[in-house]
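Chemist: See target.pdb below, with PDB, C-alpha atoms.
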ATOM      1  CA  MET A   1       0.000   0.000   0.000
ATOM      2  CA  LYS A   2       0.979   3.646  -0.373
ATOM      3  CA  ALA A   3       1.500   5.566   2.861
ATOM      4  CA  ALA A   4       2.848   8.889   4.082
ATOM      5  CA  ILE A   5       5.698   8.573   6.570
ATOM      6  CA  ILE A   6       7.304  11.146   8.815
ATOM      7  CA  GLU A   7      10.760   9.598   8.649
ATOM      8  CA  SER A   8      12.700  12.030  10.788
ATOM      9  CA  VAL A   9      12.422  15.556  12.133
ATOM     10  CA  GLY A  10      11.443  17.810   9.248
ATOM     11  CA  LYS A  11      11.171  15.029   6.664
ATOM     12  CA  ALA A  12       7.923  13.548   5.305
ATOM     13  CA  VAL A  13       7.771  11.180   2.326
ATOM     14  CA  VAL A  14       5.305   8.849   0.607
ATOM     15  CA  LYS A  15       6.364   5.226   0.210
ATOM     16  CA  GLU A  16       5.068   1.750  -0.503
ATOM     17  CA  LEU A  17       4.532  -0.357   2.625
ATOM     18  CA  PRO A  18       3.133  -3.874   3.131
ATOM     19  CA  ASP A  19      -0.646  -4.037   3.513
ATOM     20  CA  PRO A  20      -1.571  -4.291   7.219
ATOM     21  CA  SER A  21      -3.317  -7.242   8.876
ATOM     22  CA  PRO A  22      -5.791  -6.920  11.742
ATOM     23  CA  GLY A  23      -5.243  -8.256  15.233
ATOM     24  CA  PRO A  24      -8.024 -10.364  16.794
ATOM     25  CA  ARG A  25     -10.092  -7.343  17.882
ATOM     26  CA  ASP A  26      -9.048  -5.015  15.064
ATOM     27  CA  VAL A  27     -10.338  -4.101  11.631
ATOM     28  CA  VAL A  28      -8.549  -2.888   8.526
ATOM     29  CA  VAL A  29     -10.045   0.314   7.139
ATOM     30  CA  GLU A  30      -9.608   1.372   3.530
ATOM     31  CA  VAL A  31      -9.111   5.080   4.112
ATOM     32  CA  ALA A  32     -11.401   7.456   2.219
ATOM     33  CA  ALA A  33      -9.889  10.662   3.596
ATOM     34  CA  CYS A  34      -7.444  11.731   6.285
ATOM     35  CA  GLY A  35      -7.288  15.225   7.739
ATOM     36  CA  LEU A  36      -4.138  17.153   8.583
ATOM     37  CA  CYS A  37      -3.842  18.661  12.040
ATOM     38  CA  GLY A  38      -1.499  20.814  14.078
ATOM     39  CA  THR A  39      -0.453  17.629  15.852
ATOM     40  CA  ASP A  40       1.029  16.394  12.569
ATOM     41  CA  LEU A  41       3.211  19.499  12.444
ATOM     42  CA  HIS A  42       4.333  18.864  16.013
ATOM     43  CA  ILE A  43       5.284  15.294  15.055
ATOM     44  CA  LEU A  44       7.222  16.679  12.096
ATOM     45  CA  GLN A  45       9.053  18.928  14.577
ATOM     46  CA  GLY A  46       9.949  15.922  16.727
ATOM     47  CA  GLU A  47       7.269  16.416  19.384
ATOM     48  CA  PHE A  48       4.501  14.052  20.578
ATOM     49  CA  ALA A  49       5.444  10.910  18.652
ATOM     50  CA  PRO A  50       7.731   8.840  20.911
ATOM     51  CA  THR A  51       9.638   7.410  17.973
ATOM     52  CA  LEU A  52      10.072   8.102  14.284
ATOM     53  CA  PRO A  53       9.397   7.009  11.624
ATOM     54  CA  VAL A  54       5.610   6.893  11.945
ATOM     55  CA  VAL A  55       2.673   6.913   9.539
ATOM     56  CA  PRO A  56       0.718  10.007  10.673
ATOM     57  CA  GLY A  57      -3.003  10.691  10.430
ATOM     58  CA  HIS A  58      -5.366  10.545  13.398
ATOM     59  CA  GLU A  59      -8.384  12.117  11.641
ATOM     60  CA  PHE A  60      -9.733   9.562   9.191
ATOM     61  CA  ALA A  61     -12.698   7.593   7.967
ATOM     62  CA  GLY A  62     -13.184   4.810   5.458
ATOM     63  CA  GLU A  63     -14.626   1.382   4.731
ATOM     64  CA  VAL A  64     -13.963  -1.815   6.670
ATOM     65  CA  VAL A  65     -12.232  -4.323   4.383
ATOM     66  CA  ALA A  66     -10.959  -6.949   6.836
ATOM     67  CA  LEU A  67     -11.939  -8.201  10.294
ATOM     68  CA  GLY A  68      -9.996  -9.705  13.173
ATOM     69  CA  SER A  69     -11.045 -13.146  14.363
ATOM     70  CA  ASP A  70     -12.860 -11.813  17.455
ATOM     71  CA  VAL A  71     -14.728  -8.918  15.833
ATOM     72  CA  ARG A  72     -18.511  -9.315  16.017
ATOM     73  CA  THR A  73     -19.753  -5.719  15.955
ATOM     74  CA  LEU A  74     -18.697  -4.730  12.442
ATOM     75  CA  ALA A  75     -18.882  -6.232   8.974
ATOM     76  CA  VAL A  76     -16.852  -5.875   5.819
ATOM     77  CA  GLY A  77     -18.336  -2.976   3.879
ATOM     78  CA  ASP A  78     -19.287  -0.887   6.901
ATOM     79  CA  ARG A  79     -18.348   2.768   6.538
ATOM     80  CA  VAL A  80     -16.778   4.068   9.727
ATOM     81  CA  ALA A  81     -15.072   7.019  11.360
ATOM     82  CA  VAL A  82     -12.248   6.124  13.723
ATOM     83  CA  ASP A  83     -11.548   7.437  17.219
ATOM     84  CA  PRO A  84      -7.733   7.348  17.354
ATOM     85  CA  SER A  85      -7.507   7.205  21.171
ATOM     86  CA  LEU A  86      -5.631   4.208  22.586
ATOM     87  CA  HIS A  87      -5.839   3.934  26.396
ATOM     88  CA  CYS A  88      -4.316   1.304  28.673
ATOM     89  CA  HIS A  89      -7.508   0.993  30.807
ATOM     90  CA  GLU A  90      -5.293   0.074  33.779
ATOM     91  CA  CYS A  91      -3.624   3.229  35.099
ATOM     92  CA  ARG A  92      -5.034   5.565  37.730
ATOM     93  CA  TYR A  93      -6.446   8.006  35.180
ATOM     94  CA  CYS A  94      -8.067   5.372  32.978
ATOM     95  CA  ARG A  95      -9.662   3.774  36.043
ATOM     96  CA  ASP A  96     -10.932   7.214  37.025
ATOM     97  CA  GLY A  97     -12.601   7.679  33.622
ATOM     98  CA  ARG A  98      -9.913  10.114  32.395
ATOM     99  CA  GLY A  99      -8.422   8.036  29.590
ATOM    100  CA  ASN A 100      -7.246  11.111  27.700
ATOM    101  CA  LEU A 101      -4.722  11.557  30.533
ATOM    102  CA  CYS A 102      -3.619   7.897  30.408
ATOM    103  CA  GLU A 103      -0.125   7.302  31.785
ATOM    104  CA  ARG A 104       0.548   5.147  28.714
ATOM    105  CA  TRP A 105      -1.329   7.448  26.354
ATOM    106  CA  ALA A 106      -1.169   6.429  22.715
ATOM    107  CA  ALA A 107      -3.048   7.252  19.538
ATOM    108  CA  ILE A 108      -3.420   5.962  16.023
ATOM    109  CA  GLY A 109      -1.396   8.244  13.781
ATOM    110  CA  VAL A 110       0.757   9.518  16.643
ATOM    111  CA  THR A 111       2.316   6.530  18.384
ATOM    112  CA  THR A 112       1.156   3.835  15.935
ATOM    113  CA  ALA A 113       0.564   3.815  12.175
ATOM    114  CA  GLY A 114      -2.300   6.095  11.182
ATOM    115  CA  GLY A 115      -4.679   7.014   8.414
ATOM    116  CA  ALA A 116      -2.383   8.883   6.004
ATOM    117  CA  ALA A 117      -2.285   5.686   3.976
ATOM    118  CA  GLN A 118      -4.428   3.534   1.758
ATOM    119  CA  TYR A 119      -5.186   1.194   4.675
ATOM    120  CA  ALA A 120      -5.111   1.591   8.454
ATOM    121  CA  VAL A 121      -5.659  -0.763  11.387
ATOM    122  CA  ALA A 122      -7.954   0.263  14.238
ATOM    123  CA  PRO A 123      -9.620  -1.490  17.173
ATOM    124  CA  ALA A 124     -13.184  -2.362  16.268
ATOM    125  CA  ALA A 125     -14.251  -0.659  19.501
ATOM    126  CA  ASN A 126     -12.894   2.647  18.171
ATOM    127  CA  CYS A 127     -15.000   2.593  15.003
ATOM    128  CA  VAL A 128     -18.314   4.415  14.677
ATOM    129  CA  ARG A 129     -20.620   3.502  11.803
ATOM    130  CA  LEU A 130     -21.664   6.338   9.524
ATOM    131  CA  PRO A 131     -25.302   6.888   8.556
ATOM    132  CA  ASP A 132     -26.134   6.652   4.879
ATOM    133  CA  HIS A 133     -26.407  10.401   4.294
ATOM    134  CA  VAL A 134     -22.900  11.182   5.597
ATOM    135  CA  ARG A 135     -20.191  11.171   2.933
ATOM    136  CA  THR A 136     -17.242   9.046   4.006
ATOM    137  CA  GLN A 137     -14.697  11.600   2.758
ATOM    138  CA  ASP A 138     -16.299  14.271   4.945
ATOM    139  CA  ALA A 139     -16.254  12.145   8.102
ATOM    140  CA  ALA A 140     -12.576  12.873   8.756
ATOM    141  CA  LEU A 141     -13.996  16.011  10.430
ATOM    142  CA  ILE A 142     -15.546  13.976  13.239
ATOM    143  CA  GLU A 143     -12.298  13.544  15.180
ATOM    144  CA  PRO A 144     -11.472  17.263  15.445
ATOM    145  CA  LEU A 145     -15.130  17.937  16.242
ATOM    146  CA  SER A 146     -14.898  15.431  19.088
ATOM    147  CA  CYS A 147     -11.976  17.445  20.494
ATOM    148  CA  ALA A 148     -14.107  20.590  20.324
ATOM    149  CA  VAL A 149     -16.975  18.801  22.086
ATOM    150  CA  ARG A 150     -14.520  17.808  24.819
ATOM    151  CA  GLY A 151     -13.498  21.469  25.098
ATOM    152  CA  TYR A 152     -17.087  22.467  25.743
ATOM    153  CA  ASP A 153     -17.431  19.685  28.290
ATOM    154  CA  VAL A 154     -14.549  21.289  30.180
ATOM    155  CA  LEU A 155     -16.050  24.778  29.871
ATOM    156  CA  ARG A 156     -19.513  23.850  31.127
ATOM    157  CA  ALA A 157     -20.522  27.094  29.416
ATOM    158  CA  ARG A 158     -23.478  29.011  30.832
ATOM    159  CA  LEU A 159     -26.295  30.374  28.706
ATOM    160  CA  GLY A 160     -25.757  33.983  27.732
ATOM    161  CA  ALA A 161     -21.959  33.948  27.936
ATOM    162  CA  HIS A 162     -19.866  36.346  25.866
ATOM    163  CA  VAL A 163     -17.204  34.306  24.076
ATOM    164  CA  LEU A 164     -13.918  35.347  22.457
ATOM    165  CA  ILE A 165     -12.047  32.864  20.248
ATOM    166  CA  TYR A 166      -8.458  33.314  19.112
ATOM    167  CA  GLY A 167      -7.927  31.641  15.747
ATOM    168  CA  SER A 168     -10.302  30.872  12.900
ATOM    169  CA  GLY A 169      -8.673  27.747  11.559
ATOM    170  CA  THR A 170     -10.593  24.492  11.674
ATOM    171  CA  MET A 171     -10.618  24.218  15.450
ATOM    172  CA  GLY A 172     -11.492  27.865  16.065
ATOM    173  CA  LEU A 173     -14.363  27.596  13.602
ATOM    174  CA  MET A 174     -15.622  24.432  15.281
ATOM    175  CA  MET A 175     -15.539  26.175  18.655
ATOM    176  CA  LEU A 176     -17.471  29.026  17.030
ATOM    177  CA  GLU A 177     -20.187  26.676  15.786
ATOM    178  CA  LEU A 178     -20.474  24.986  19.187
ATOM    179  CA  ALA A 179     -20.540  28.338  21.002
ATOM    180  CA  LYS A 180     -23.530  29.396  18.930
ATOM    181  CA  ARG A 181     -25.297  26.143  19.786
ATOM    182  CA  THR A 182     -24.574  26.278  23.512
ATOM    183  CA  GLY A 183     -26.380  29.532  24.047
ATOM    184  CA  ALA A 184     -23.643  32.156  23.795
ATOM    185  CA  ALA A 185     -24.923  35.732  23.880
ATOM    186  CA  SER A 186     -22.109  36.779  21.545
ATOM    187  CA  VAL A 187     -19.149  35.141  19.826
ATOM    188  CA  ASP A 188     -16.187  37.226  18.686
ATOM    189  CA  VAL A 189     -13.193  35.918  16.742
ATOM    190  CA  VAL A 190      -9.652  37.283  16.471
ATOM    191  CA  ASP A 191      -7.242  36.183  13.740
ATOM    192  CA  LEU A 192      -4.373  37.733  11.780
ATOM    193  CA  ASN A 193      -5.255  35.593   8.742
ATOM    194  CA  ALA A 194      -7.794  37.640   6.768
ATOM    195  CA  ASP A 195      -8.930  34.708   4.614
ATOM    196  CA  ARG A 196      -9.678  32.530   7.625
ATOM    197  CA  LEU A 197     -11.369  35.414   9.405
ATOM    198  CA  ALA A 198     -13.626  35.819   6.378
ATOM    199  CA  THR A 199     -14.800  32.233   6.868
ATOM    200  CA  ALA A 200     -15.673  33.004  10.493
ATOM    201  CA  GLN A 201     -17.667  35.985   9.272
ATOM    202  CA  ARG A 202     -19.424  33.754   6.744
ATOM    203  CA  LEU A 203     -20.438  31.358   9.516
ATOM    204  CA  GLY A 204     -21.790  34.214  11.607
ATOM    205  CA  VAL A 205     -19.908  36.056  14.343
ATOM    206  CA  SER A 206     -20.823  38.974  16.566
ATOM    207  CA  GLY A 207     -17.507  40.631  15.856
ATOM    208  CA  SER A 208     -14.220  39.827  14.133
ATOM    209  CA  ALA A 209     -10.871  41.583  14.051
ATOM    210  CA  ALA A 210      -7.130  41.179  13.782
ATOM    211  CA  ASN A 211      -6.793  42.606  17.305
ATOM    212  CA  ALA A 212      -9.168  42.301  20.246
ATOM    213  CA  ASP A 213      -8.742  46.036  20.892
ATOM    214  CA  GLU A 214     -10.983  46.568  17.855
ATOM    215  CA  LEU A 215     -13.856  44.728  19.528
ATOM    216  CA  GLU A 216     -16.277  46.382  21.936
ATOM    217  CA  ARG A 217     -16.042  44.473  25.189
ATOM    218  CA  PRO A 218     -14.163  46.752  27.632
ATOM    219  CA  ARG A 219     -14.911  44.570  30.670
ATOM    220  CA  GLY A 220     -13.673  41.455  28.914
ATOM    221  CA  TRP A 221     -15.297  38.187  27.904
ATOM    222  CA  ASP A 222     -16.864  35.508  30.082
ATOM    223  CA  VAL A 223     -15.129  32.790  28.069
ATOM    224  CA  VAL A 224     -11.859  33.200  26.177
ATOM    225  CA  ILE A 225     -10.671  30.283  24.040
ATOM    226  CA  ASP A 226      -7.242  30.001  22.486
ATOM    227  CA  ALA A 227      -7.368  27.820  19.374
ATOM    228  CA  THR A 228      -3.929  28.835  18.083
ATOM    229  CA  GLY A 229      -1.267  27.578  20.482
ATOM    230  CA  ASN A 230       0.552  30.843  19.719
ATOM    231  CA  ALA A 231       2.248  32.509  22.690
ATOM    232  CA  ALA A 232       1.252  36.064  21.712
ATOM    233  CA  ALA A 233      -2.393  35.068  21.257
ATOM    234  CA  ILE A 234      -2.442  33.163  24.552
ATOM    235  CA  GLN A 235      -0.879  36.077  26.425
ATOM    236  CA  ASP A 236      -3.359  38.530  24.966
ATOM    237  CA  GLY A 237      -6.290  36.216  25.657
ATOM    238  CA  LEU A 238      -5.400  35.785  29.310
ATOM    239  CA  GLU A 239      -5.689  39.531  29.727
ATOM    240  CA  ARG A 240      -9.155  39.645  28.106
ATOM    241  CA  VAL A 241     -10.965  37.381  30.577
ATOM    242  CA  ALA A 242     -13.726  39.148  32.521
ATOM    243  CA  LYS A 243     -14.218  38.809  36.255
ATOM    244  CA  ALA A 244     -15.370  35.286  37.143
ATOM    245  CA  GLY A 245     -14.540  34.289  33.572
ATOM    246  CA  THR A 246     -12.749  31.257  32.126
ATOM    247  CA  PHE A 247      -9.751  30.929  29.833
ATOM    248  CA  LEU A 248      -9.560  27.642  27.901
ATOM    249  CA  GLN A 249      -6.235  26.545  26.433
ATOM    250  CA  PHE A 250      -7.539  24.551  23.491
ATOM    251  CA  GLY A 251      -4.847  25.117  20.860
ATOM    252  CA  VAL A 252      -1.745  22.916  20.993
ATOM    253  CA  ALA A 253       1.349  24.957  21.815
ATOM    254  CA  ASP A 254       4.970  23.950  21.276
ATOM    255  CA  TYR A 255       6.669  22.424  24.308
ATOM    256  CA  ALA A 256       8.775  25.555  24.788
ATOM    257  CA  THR A 257       5.892  28.069  24.706
ATOM    258  CA  ARG A 258       5.683  30.205  27.850
ATOM    259  CA  VAL A 259       3.351  33.016  28.969
ATOM    260  CA  LYS A 260       3.029  35.124  32.124
ATOM    261  CA  ILE A 261       0.073  35.074  34.482
ATOM    262  CA  ASP A 262      -1.034  37.520  37.149
ATOM    263  CA  PRO A 263      -1.733  35.393  40.258
ATOM    264  CA  TYR A 264      -3.301  38.238  42.228
ATOM    265  CA  ARG A 265      -5.774  38.991  39.417
ATOM    266  CA  ILE A 266      -6.652  35.308  39.113
ATOM    267  CA  TYR A 267      -7.338  35.227  42.852
ATOM    268  CA  ASN A 268      -9.048  38.592  43.157
ATOM    269  CA  GLN A 269     -11.297  38.220  40.104
ATOM    270  CA  GLU A 270     -11.933  34.481  40.482
ATOM    271  CA  ILE A 271     -10.634  33.673  37.013
ATOM    272  CA  THR A 272     -10.418  30.061  35.914
ATOM    273  CA  ILE A 273      -7.627  28.864  33.616
ATOM    274  CA  THR A 274      -8.134  25.378  32.244
ATOM    275  CA  GLY A 275      -7.177  23.086  29.387
ATOM    276  CA  SER A 276      -8.738  20.472  27.149
ATOM    277  CA  MET A 277      -6.748  17.464  25.981
ATOM    278  CA  ALA A 278      -7.912  15.572  22.895
ATOM    279  CA  VAL A 279     -10.952  13.289  23.084
ATOM    280  CA  LEU A 280     -12.809  12.031  26.151
ATOM    281  CA  HIS A 281     -16.236  10.382  25.942
ATOM    282  CA  SER A 282     -16.999  12.781  23.094
ATOM    283  CA  TYR A 283     -16.410  10.917  19.834
ATOM    284  CA  GLU A 284     -19.827   9.310  19.508
ATOM    285  CA  ARG A 285     -21.552  12.591  20.399
ATOM    286  CA  ALA A 286     -19.466  14.385  17.786
ATOM    287  CA  ALA A 287     -20.486  11.775  15.203
ATOM    288  CA  GLU A 288     -24.136  12.381  16.035
ATOM    289  CA  LEU A 289     -23.711  16.159  15.878
ATOM    290  CA  PHE A 290     -21.928  15.814  12.550
ATOM    291  CA  ALA A 291     -24.678  13.597  11.155
ATOM    292  CA  GLY A 292     -27.168  16.225  12.345
ATOM    293  CA  GLY A 293     -25.467  18.939  10.323
ATOM    294  CA  VAL A 294     -23.642  20.933  12.997
ATOM    295  CA  LEU A 295     -20.874  21.590  10.441
ATOM    296  CA  ASP A 296     -20.964  22.225   6.697
ATOM    297  CA  PRO A 297     -18.135  20.069   5.296
ATOM    298  CA  ASP A 298     -17.965  22.165   2.134
ATOM    299  CA  VAL A 299     -17.108  25.199   4.266
ATOM    300  CA  PHE A 300     -14.693  23.459   6.606
ATOM    301  CA  ILE A 301     -12.741  21.399   4.064
ATOM    302  CA  SER A 302     -10.861  23.766   1.790
ATOM    303  CA  ASP A 303      -8.463  21.310   0.105
ATOM    304  CA  ARG A 304      -8.732  17.670  -0.923
ATOM    305  CA  LEU A 305      -5.310  16.568  -2.114
ATOM    306  CA  PRO A 306      -4.037  13.159  -3.264
ATOM    307  CA  LEU A 307      -2.060  11.150  -0.714
ATOM    308  CA  ALA A 308       0.946  11.329  -3.049
ATOM    309  CA  GLU A 309       1.116  15.063  -2.242
ATOM    310  CA  TYR A 310       1.200  14.622   1.550
ATOM    311  CA  PRO A 311       4.509  16.502   2.036
ATOM    312  CA  GLN A 312       3.166  19.423  -0.005
ATOM    313  CA  ALA A 313      -0.096  19.288   1.954
ATOM    314  CA  LEU A 314       1.890  19.621   5.193
ATOM    315  CA  ASP A 315       3.726  22.630   3.766
ATOM    316  CA  ARG A 316       0.438  24.214   2.746
ATOM    317  CA  PHE A 317      -1.044  23.627   6.180
ATOM    318  CA  ALA A 318       2.041  24.989   7.955
ATOM    319  CA  ALA A 319       1.810  28.156   5.846
ATOM    320  CA  GLY A 320      -1.723  28.791   7.116
ATOM    321  CA  VAL A 321      -3.312  28.364   3.700
ATOM    322  CA  GLY A 322      -6.919  27.199   3.614
ATOM    323  CA  ARG A 323      -8.875  25.574   6.425
ATOM    324  CA  LYS A 324      -9.071  21.815   6.883
ATOM    325  CA  ILE A 325      -6.823  20.030   4.409
ATOM    326  CA  VAL A 326      -7.511  16.339   3.790
ATOM    327  CA  VAL A 327      -5.551  13.830   1.759
ATOM    328  CA  VAL A 328      -7.374  11.245  -0.308
ATOM    329  CA  PRO A 329      -5.623   7.915  -1.027
TER     330      PRO A 329
END
Just give me the structure as structure tokens.

Modeler:
Amino acid sequence: MKAAIIESVGKAVVKELPDPSPGPRDVVVEVAACGLCGTDLHILQGEFAPTLPVVPGHEFAGEVVALGSDVRTLAVGDRVAVDPSLHCHECRYCRDGRGNLCERWAAIGVTTAGGAAQYAVAPAANCVRLPDHVRTQDAALIEPLSCAVRGYDVLRARLGAHVLIYGSGTMGLMMLELAKRTGAASVDVVDLNADRLATAQRLGVSGSAANADELERPRGWDVVIDATGNAAAIQDGLERVAKAGTFLQFGVADYATRVKIDPYRIYNQEITITGSMAVLHSYERAAELFAGGVLDPDVFISDRLPLAEYPQALDRFAAGVGRKIVVVP
């Protein structure tokens, strides 16, 4: 089969690899589409993946083409989206229902071979069947949506909140769509990328700007979400949180990223600073939301490129061009 491989830091190639075989409780999925994510760029930089080389791709969907000997819940021909989370189910955090914080955390496309290939192996338990009206190539959006759903689980957002989102890439736009559906009184978006900001405006925002100073909320926002991982955006966002408000670190920052906080202000104004890590009990709900039309795939997916162009797709994504980029084997 043909597969993309991040061979070493800064080097991605496409090669021929042997077709995979399923373990007893696994299935082989013929990949219809695989999305690119900021995590893939981190892996390219030598972060997250414990060892290289690795076949990336943790956002994918496709058709089941082979079954392990113990699989009873799926059949060949089923169209599925795949939750990439791999938890040990034995450590303290897994036993406490916090598998996304697993001490042996792993994920398809990060620590094991992923969906940037013609075929990928996944546990049958991680596969969610797609309803007939959902296009398989669009269902690669379910995994990032499940991360956004997890973010809103952490926020426990109140009705009538004023929300500020930094970043209007895929994840920022998904947080925008969920904010509108969780009863936000207003949703503002900040981004330096004019093309991406235009998409946020198309989806419907209360305000949009390249700098939060241009927005009219002098007392700050009840909820501030960073969907960039950028130090300057995070620093600015921390200073925009209203009294009794919440700052959510949702974007994935580099390991070395640092910002300053004001402990007295956090204490005196009862500000909450929290984070949201990947997927937790949110994948199936995201699949149902997606099937219900919470996102328009034709808006969110800007580029559908052949798998053979995976290195170029990574370059395009790193340059901030487009929105969600998917590769199609």

Chemist: In Å to one decimal, how far is CA of Val279 (chain A) from CA of Cys94 (chain A)?

Modeler: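 Rounded to one decimal, the two atoms are 13.0 Å apart.
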
Chemist: Do you know which residues are at most 10 Å from region 208-216 of chain A counting all atoms listed in the file, after dropping those on the same chain fewer than 5 positions away, and could you put them as a PyMOL selection string?

Modeler: chain A and resi 164-168+187-194+197-198+200-201+233+236-237+240

Chemist: Please report the interatomic distance between CA of Gln45 (chain A) and CA of Ser282 (chain A) in Å with one decimal.

Modeler: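 About the pair CA of Gln45 (chain A) and CA of Ser282 (chain A): they are 28.1 Å apart.
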
Chemist: Please report the interatomic distance between CA of Ala287 (chain A) and CA of Ile234 (chain A) in Å with one decimal.

Modeler: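 Value for the CA of Ala287 (chain A)-CA of Ile234 (chain A) distance: 29.5 Å.
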
Chemist: Restricting the calculation to all atoms listed in the file, which member of A:Leu36, A:Met277, A:Ala253, A:Ala318 is positioned closest to Asp153 (chain A)?

Modeler: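 Checking each candidate against Asp153 (chain A), we get A:Met277 as the closest.
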
Chemist: If you count only C-alpha atoms, which residues fall within 10 Å of Thr39 (chain A), apart from same-chain ones fewer than 5 positions away, as a PyMOL selection string?

Modeler: chain A and resi 44-45+47-49+56-58+109-110+252-254

Chemist: From the list A:Trp105, A:Tyr310, A:Phe300, A:Tyr152, which residue is nearest Thr274 (chain A) when using all atoms listed in the file?

Modeler: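 Smallest distance to Thr274 (chain A) is found for A:Tyr152.
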
Chemist: Between A:Ser69, A:Glu90, A:Pro84, A:Tyr119, which residue has the minimum interatomic distance to Pro20 (chain A), considering only C-alpha atoms?

Modeler: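 Answer, going by the shortest atom-to-atom distance: A:Tyr119.
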
Chemist: Taking only C-alpha atoms into account, produce a table as JSON lines in which each residue of region 73-179 of chain A with an atom at most 12 Å from an atom of region 11-19 of chain A appears once, together with its shortest atom pair and the distance in Å to one decimal, ordered by chain and rising number.

Modeler:
{"residue": "A:Ala113", "atom": "CA", "partner": "A:Leu17", "partner_atom": "CA", "distance": 11.2}
{"residue": "A:Ala116", "atom": "CA", "partner": "A:Val14", "partner_atom": "CA", "distance": 9.4}
{"residue": "A:Ala117", "atom": "CA", "partner": "A:Val14", "partner_atom": "CA", "distance": 8.9}
{"residue": "A:Gln118", "atom": "CA", "partner": "A:Asp19", "partner_atom": "CA", "distance": 8.6}
{"residue": "A:Tyr119", "atom": "CA", "partner": "A:Asp19", "partner_atom": "CA", "distance": 7.0}
{"residue": "A:Ala120", "atom": "CA", "partner": "A:Asp19", "partner_atom": "CA", "distance": 8.7}
{"residue": "A:Val121", "atom": "CA", "partner": "A:Asp19", "partner_atom": "CA", "distance": 9.9}

Chemist: Using only C-alpha atoms, which of A:Ile5, A:Val128, A:Leu248, A:Ile266 sits nearest Arg156 (chain A)?

Modeler: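 Looking at the shortest contact to Arg156 (chain A), the residue is A:Leu248.
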
Chemist: Written as a list in words, which residues does the PyMOL selection byres ((chain A and resi 75-83) around 7) give for the file shown?

Modeler: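 Matching residues under the PyMOL selection byres ((chain A and resi 75-83) around 7) are Phe60, Ala61, Gly62, Glu63, Val64, Val65, Ala66, Leu74, Pro84, Ser85, Asn126, Cys127, Val128, Arg129, Leu130, Thr136, Ala139, Ala140, Glu143 and Tyr283 of chain A.
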
Chemist: For Val326 (chain A), please output as an MDAnalysis selection string all residues within 6 Å (counting all atoms listed in the file; exclusion window: fewer than 3 positions along the same chain).

Modeler: chainID A and resid 34:36 304
